[in-house]
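One structure is given here, and the rest of the page talks about it.
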Amino acid sequence: MLFFSYFKDLVGQEVTVELKNDLAIRGTLHSVDQYLNIKLENTKVVDQDKYPHMLSVRNCFIRGSVVRYVQLPKDGVDVDLLHDAARREARGG
Amino acid sequence: MATATGLESLVDQYISVITNDGRNIVGYLKGFDQATNIILDESHERVFSTKEGVQQHVLGLFIIRGDNIGVIGELDEELDASLDLSNLRAHPLKPVVH
């Protein structure tokens with residue numbers, strides 16, 4: 001639940017999602033769901049020459065199960081707030 | 001709210017699916033469910049290779065199991081039509097490793 005809430009707060013930010021097949025997609029976070037499936041808008045594959053497979057894709061749905069990393073803008077998160085929330089979740093969850 | 005990231009908005013759209021084994025399948029999304037199983041109509045697989053241009057294998061009406069799906073991209077039909085697939089060379093996508 002924690003990360004679902006966290007991502008909901010990040011909607012509208014530009015993120016780069018790195019997948020488990022090494023593909024990296026940059027885009028604006030449009031929405032997220034309970035499975036942490038991610039919908040990105042205005043997408044651009046990071047290494048377009050190596051991965052031209054999504055050249056004509058502008059919006060995409062990424063299944064949560066294939067995400068390796070979600071790279072965020074440095075000031076995109078209040079680390080202390082997240083730290084507190086994680087501590088609470090670990091204690092109570 | 002930024003929740004319920006459903007695939008409803010993509011129904012009847014021309015989409016590109018990247019599967020866990022690294023395949024790229026293009027077609028019209030006809031249906032889906034909570035497990036992300038999808039129904040793709042008029043689908044064809046785009047095979048990328050470094051030696052020849054993109055090959056298209058016609059598949060027809062397909063159901064792709066959600067377990068096997070990585071990315072579902074909304075294809076801009078105009079942009080896609082302007083691509084010169086016969087001259088596109090690329091390594092095939094890598095399979096997903098959990």
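In the structure tokens, chains take letters A, B, ... by order of appearance, with residues numbered from 1 within each chain and ligands from 1 in the order shown.
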
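Shell of A:Leu29 at 8 Å, with only C-alpha atoms counted and residues fewer than 4 places along the chain excluded, is A:Leu10, A:Val11, A:Gly12, A:Gln13, A:Glu14, A:Val15, A:Ile38, A:Lys39, A:Leu40, A:Glu41.
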
Mind checking which residues fall within 7 Å of B:Leu93, counting only C-alpha atoms, ignoring those fewer than 2 positions away in the same chain, and posting them as a list in words?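 Those residues are Gly22, Arg23, His91 and Pro95 of chain B.
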
Would you mind listing what lies within 9 Å of stretch 3-5 of chain A as a list of chain:residue names, with only C-alpha atoms counted and same-chain residues fewer than 5 positions away left out?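 Counting only C-alpha atoms, the residues come to A:Leu10, A:Val32, A:Asp33, A:Gln34, A:Tyr35, A:Leu36, B:Thr3.
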
How would the residues just picked look written out with C-alpha atoms as a PDB file, in the first residue's frame?
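In the end it all went to out12.pdb:
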```pdb
ATOM      1  CA  LEU A  10       4.137  11.326  -7.981  1.00  0.00           C
ATOM      2  CA  VAL A  32      -0.660   3.729 -11.152  1.00  0.00           C
ATOM      3  CA  ASP A  33      -2.745   0.904  -9.700  1.00  0.00           C
ATOM      4  CA  GLN A  34      -2.681  -1.593  -6.846  1.00  0.00           C
ATOM      5  CA  TYR A  35      -0.379  -3.907  -8.806  1.00  0.00           C
ATOM      6  CA  LEU A  36       1.966  -0.972  -9.384  1.00  0.00           C
TER       7      LEU A  36
ATOM      8  CA  THR B   3      -5.735   5.114  -9.641  1.00  0.00           C
TER       9      THR B   3
END
```

Stretch 17-88 of chain A: residues DSSP assigns to strand (DSSP E or B), reported as an MDAnalysis selection string: chainID A and resid 17:19 24:32 38:45 57:62 67:71

Could you please write out, as an mmCIF file with C-alpha atoms, in the first residue's frame, every residue of chain A that DSSP assigns to alpha helix (DSSP H)?
```cif
data_model
loop_
_atom_site.group_PDB
_atom_site.id
_atom_site.type_symbol
_atom_site.label_atom_id
_atom_site.label_comp_id
_atom_site.auth_asym_id
_atom_site.auth_seq_id
_atom_site.Cartn_x
_atom_site.Cartn_y
_atom_site.Cartn_z
ATOM 1 C CA LEU A 2 2.818 2.353 0.831
ATOM 2 C CA PHE A 3 4.320 2.440 -2.629
ATOM 3 C CA PHE A 4 0.924 2.661 -4.270
ATOM 4 C CA SER A 5 0.235 5.826 -2.236
ATOM 5 C CA TYR A 6 3.720 7.077 -2.931
ATOM 6 C CA PHE A 7 3.327 6.705 -6.691
ATOM 7 C CA LYS A 8 -0.107 8.337 -6.586
ATOM 8 C CA ASP A 9 1.597 11.425 -5.179
ATOM 9 C CA VAL A 79 12.924 11.440 1.689
ATOM 10 C CA ASP A 80 12.193 12.078 5.367
ATOM 11 C CA LEU A 81 8.468 11.670 4.884
ATOM 12 C CA LEU A 82 8.999 8.438 2.974
ATOM 13 C CA HIS A 83 11.441 7.210 5.594
ATOM 14 C CA ASP A 84 8.877 7.819 8.351
ATOM 15 C CA ALA A 85 6.111 6.147 6.391
ATOM 16 C CA ALA A 86 8.289 3.120 5.685
ATOM 17 C CA ARG A 87 9.232 2.827 9.330
ATOM 18 C CA ARG A 88 5.578 2.948 10.355
ATOM 19 C CA GLU A 89 4.616 0.380 7.755
ATOM 20 C CA ALA A 90 7.410 -1.945 8.827
ATOM 21 C CA ARG A 91 6.351 -1.676 12.437
ATOM 22 C CA GLY A 92 2.606 -2.007 11.959
#
```

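Shortest atom-to-atom contact with chain B among A:Asn42, A:Thr28, A:Thr16, A:Asn21: A:Asn21, counting only C-alpha atoms.
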
With a distance threshold of 8 Å and counting only C-alpha atoms, extract the residues of chain A near chain B and express them as an MDAnalysis selection string. chainID A and resid 8 11 19:22 30:34 37:39 49:63 65:66

Quick one: write out the picked residues with C-alpha atoms as a PDB file, in the first residue's frame?
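Full text of out12.pdb as output:
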```pdb
ATOM      1  CA  LYS A   8      -0.107   8.337  -6.586  1.00  0.00           C
ATOM      2  CA  VAL A  11       1.567  11.537 -10.777  1.00  0.00           C
ATOM      3  CA  LEU A  19      12.315  -2.896 -17.178  1.00  0.00           C
ATOM      4  CA  LYS A  20      13.604  -6.370 -16.481  1.00  0.00           C
ATOM      5  CA  ASN A  21      14.498  -6.773 -20.147  1.00  0.00           C
ATOM      6  CA  ASP A  22      16.845  -3.774 -19.841  1.00  0.00           C
ATOM      7  CA  HIS A  30      -0.113   9.296 -15.719  1.00  0.00           C
ATOM      8  CA  SER A  31      -1.453   6.724 -13.295  1.00  0.00           C
ATOM      9  CA  VAL A  32      -0.660   3.729 -11.152  1.00  0.00           C
ATOM     10  CA  ASP A  33      -2.745   0.904  -9.700  1.00  0.00           C
ATOM     11  CA  GLN A  34      -2.681  -1.593  -6.846  1.00  0.00           C
ATOM     12  CA  ASN A  37       1.198  -1.194 -13.111  1.00  0.00           C
ATOM     13  CA  ILE A  38       2.298   2.153 -14.530  1.00  0.00           C
ATOM     14  CA  LYS A  39       0.838   4.254 -17.311  1.00  0.00           C
ATOM     15  CA  ASP A  49      18.920   3.619 -31.585  1.00  0.00           C
ATOM     16  CA  LYS A  50      19.301   0.364 -29.730  1.00  0.00           C
ATOM     17  CA  TYR A  51      15.546  -0.014 -29.140  1.00  0.00           C
ATOM     18  CA  PRO A  52      13.599   1.332 -32.122  1.00  0.00           C
ATOM     19  CA  HIS A  53      10.784  -1.098 -31.264  1.00  0.00           C
ATOM     20  CA  MET A  54       8.650   1.626 -29.705  1.00  0.00           C
ATOM     21  CA  LEU A  55       9.352   4.539 -32.028  1.00  0.00           C
ATOM     22  CA  SER A  56       5.688   5.224 -32.773  1.00  0.00           C
ATOM     23  CA  VAL A  57       4.457   4.736 -29.226  1.00  0.00           C
ATOM     24  CA  ARG A  58       3.605   7.888 -27.285  1.00  0.00           C
ATOM     25  CA  ASN A  59       1.646   6.478 -24.329  1.00  0.00           C
ATOM     26  CA  CYS A  60       2.107   3.113 -22.731  1.00  0.00           C
ATOM     27  CA  PHE A  61       0.950   0.764 -20.012  1.00  0.00           C
ATOM     28  CA  ILE A  62       3.747  -1.036 -18.183  1.00  0.00           C
ATOM     29  CA  ARG A  63       2.885  -4.164 -16.217  1.00  0.00           C
ATOM     30  CA  SER A  65       5.735  -7.309 -12.763  1.00  0.00           C
ATOM     31  CA  VAL A  66       8.285  -6.240 -15.371  1.00  0.00           C
TER      32      VAL A  66
END
```

Surrounding residues of B:Gly27 excluding itself and chain neighbours under 4 positions, 8 Å, only C-alpha atoms, as a PDB file with C-alpha atoms, in the first residue's frame:
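And here is the file that came out, selection24.pdb:
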```pdb
ATOM      1  CA  TYR B  14      -3.946   0.046 -32.405  1.00  0.00           C
ATOM      2  CA  ILE B  15      -1.404  -1.153 -29.869  1.00  0.00           C
ATOM      3  CA  SER B  16       2.045  -2.635 -29.657  1.00  0.00           C
ATOM      4  CA  LEU B  40      -5.686  -8.721 -29.941  1.00  0.00           C
ATOM      5  CA  ASP B  41      -7.347  -8.601 -33.351  1.00  0.00           C
ATOM      6  CA  GLU B  42      -5.648  -8.316 -36.760  1.00  0.00           C
ATOM      7  CA  SER B  43      -2.375  -8.907 -35.019  1.00  0.00           C
ATOM      8  CA  HIS B  44       1.034  -9.402 -36.510  1.00  0.00           C
TER       9      HIS B  44
END
```

Atom CA of B:Glu45 to atom CA of A:Val67: how many Å, to one decimal?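 That distance, rounded to one decimal, is 23.0 Å.
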
Need to verify the contact set: B:Ile38, 6 Å, only C-alpha atoms, exclusion of same-chain residues closer than 5 positions in sequence. Can you return it as a list of chain:residue names?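 What passes the distance filter is B:Gly31, B:Phe32, B:Ile63, B:Ile64.
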
Distance of atom CA of B:Glu8 from atom CA of A:Gln71, expressed in Å to one decimal place: 26.6 Å
